[in-house]
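Participant: Have a look at this one before I ask anything.
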Amino acid sequence: MSLFDPVVSHPAGNSARLAREARAAARFIERLPFTVRRVETEADLLKAVNIRHAAYARHVPEFARSLALPEAADYEDDSIVLLAESKLDGTPIGSTRIRTNLHRPLGVEESVALPDWLQGRRLVEATRLGIDEGRVGRVVKLALIKACFMYCEDNAIDYSVATGRPPVDRQYEQLLFADVFPGQGAIPLRHVGNLPHRVMAFEIGSFEQRYRDAGHPLVKFFFDTHHPDIDVGPATPPLLARIAYARQIKNLALQPREFVAI
């Protein structure tokens, strides 16, 4: 797949997006005091990095030192970074990064081999979740989670894979994520500083039905309410990936070249 091919390459993803947009007109509309959108510039990326670093510094300060600057994964063509910003003054109040396995294995696969039921599936992994500790922090987190599920629908993703350290893993349980390795407990993972995390997964296709069957308290927020302030963007390659590609081309142009006479 070319770097400039759309991330969305599955017709089911486009159908899901169109269906969601059609349903939105008949649903309750709720405006949020913030927006959630895809990062498209380096200035926006720095806002996301600041939130990410501050959030991790509160809980895992040693690992947070490695998050003070953008990471290579932020620029990859199979990743997007989401940013939540206050409408009042543009202050960044939340961020997360979504990475697919469409081009390469997920970060978690650096440390573990996923079981057969996840092999050959279209997967995403959301990492680097950071939320401001203000009063709207919980709503920001839910909005970012909803944005992640919208992205999964648009890209015809089969499963979302998540890794959580205590007590964050309990929050994934509340969202109906299930253990990928039942009974194994937390596993040290390289892409999160070798900190022990539970590896969990969530089937996207049965998302709404399972929530309704369970009478989940977030049914209204996720399915019965349209949030115009949550926008995961069009089905196009992330601009940050194109920026990184342009940098590579520029660097290649500056390299001394050797020519062989024939």
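Every chain in the structure tokens takes a letter, A first, then B, and so on in the order presented; its residues are numbered from 1, and the ligands are numbered from 1 following the presented order.
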Can you tell me, as a PyMOL selection string, which residues in stretch 16-230 of chain A count as strand (DSSP E) by DSSP?
Facilitator: chain A and resi 28-29+34-38+79-86+92-100+123-131+159-164+178-179+187-189+195-203+225-226+230
Participant: Counting only C-alpha atoms, what is within 8 Å of A:Leu102, bar same-chain residues fewer than 4 positions away, as a list in words?
Facilitator: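 Near neighbours after the sequence-gap exclusion: Asp78, Arg122 and Leu123 of chain A.
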Participant: As an NGL selection string, please: the residues near A:Glu203 (cut-off 7 Å, only C-alpha atoms, same-chain neighbours under 2 positions excluded).
Facilitator: :A and (158-160 or 201 or 205-207)
Participant: Dump C-alpha atoms for the selected residues as a PDB file, in the first residue's frame?
Facilitator:
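Output file again_10.pdb is given in full below:
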ATOM      1  CA  ASP A 158     -12.686  -5.975  13.561  1.00  0.00           C
ATOM      2  CA  TYR A 159     -11.239  -5.539  17.062  1.00  0.00           C
ATOM      3  CA  SER A 160      -9.831  -2.791  19.225  1.00  0.00           C
ATOM      4  CA  ALA A 201      -9.790  -6.627  23.203  1.00  0.00           C
ATOM      5  CA  GLY A 205     -19.114  -5.300  14.970  1.00  0.00           C
ATOM      6  CA  SER A 206     -21.168  -6.283  18.036  1.00  0.00           C
ATOM      7  CA  PHE A 207     -20.445  -3.053  19.938  1.00  0.00           C
TER       8      PHE A 207
END
Participant: I need the residues of stretch 5-246 of chain A that end up classed as helix (DSSP H, G or I) by DSSP on the backbone, written out as JSON, numbers by chain.
Facilitator: {"A": [11, 12, 13, 14, 15, 16, 17, 18, 19, 20, 21, 22, 23, 24, 42, 43, 44, 45, 46, 47, 48, 49, 50, 51, 52, 53, 54, 55, 56, 57, 58, 59, 61, 62, 63, 64, 65, 66, 67, 72, 73, 74, 75, 107, 108, 109, 110, 116, 117, 118, 137, 138, 139, 140, 141, 142, 143, 144, 145, 146, 147, 148, 149, 150, 151, 152, 153, 154, 168, 169, 170, 171, 172, 173, 174, 190, 191, 192, 207, 208, 209, 210, 211, 212, 213, 219, 220, 221, 222, 223, 239, 240, 241, 242, 243, 244, 245, 246]}
Participant: Could you pull the residues within 12 Å of stretch 132-138 of chain A, counting only C-alpha atoms, minus those fewer than 2 positions along the same chain, as an NGL selection string?
Facilitator: :A and (32-34 or 47-48 or 50-58 or 83-86 or 91-95 or 129-130 or 140-145 or 171)
Participant: What's the separation between atom CA of A:Asp229 and atom CA of A:Asp44, in Å to one decimal place?
Facilitator: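 According to the coordinates, atom CA of A:Asp229 and atom CA of A:Asp44 are separated by 16.8 Å.
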Participant: Can you tell me which residues surround stretch 221-227 of chain A at a distance of at most 8 Å, considering only C-alpha atoms, apart from same-chain residues fewer than 5 positions away, and format the answer as a VMD selection string?
Facilitator: chain A and resid 24 to 25 27 to 32 146 208
Participant: List as a PyMOL selection string the protein and nucleic acid residues near A:Arg190, meaning an atom at most 7 Å away when only C-alpha atoms are counted, but skip any in the same chain fewer than 3 places from it.
Facilitator: chain A and resi 110-111+193-194
Participant: Ranking A:Leu18, A:Pro61, A:Asp74, A:Pro166 by minimum distance to A:Leu45 and counting only C-alpha atoms, which one comes first?
Facilitator: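 Selected residue with least distance to A:Leu45: A:Asp74.
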Participant: Which residues are close to A:Ile230, i.e. within 7 Å by only C-alpha atoms, leaving aside same-chain residues fewer than 6 positions away? Reply as a PyMOL selection string.
Facilitator: chain A and resi 35-37+147
Participant: Kindly give the distance, in Å, that separates atom CA of A:Gly107 and atom CA of A:Tyr172, rounded to a single decimal.
Facilitator: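 Between atom CA of A:Gly107 and atom CA of A:Tyr172 the gap is 18.1 Å.
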Participant: Report, in Å to a single decimal, how far apart atom CA of A:Leu118 and atom CA of A:Gly185 are.
Facilitator: 18.6 Å
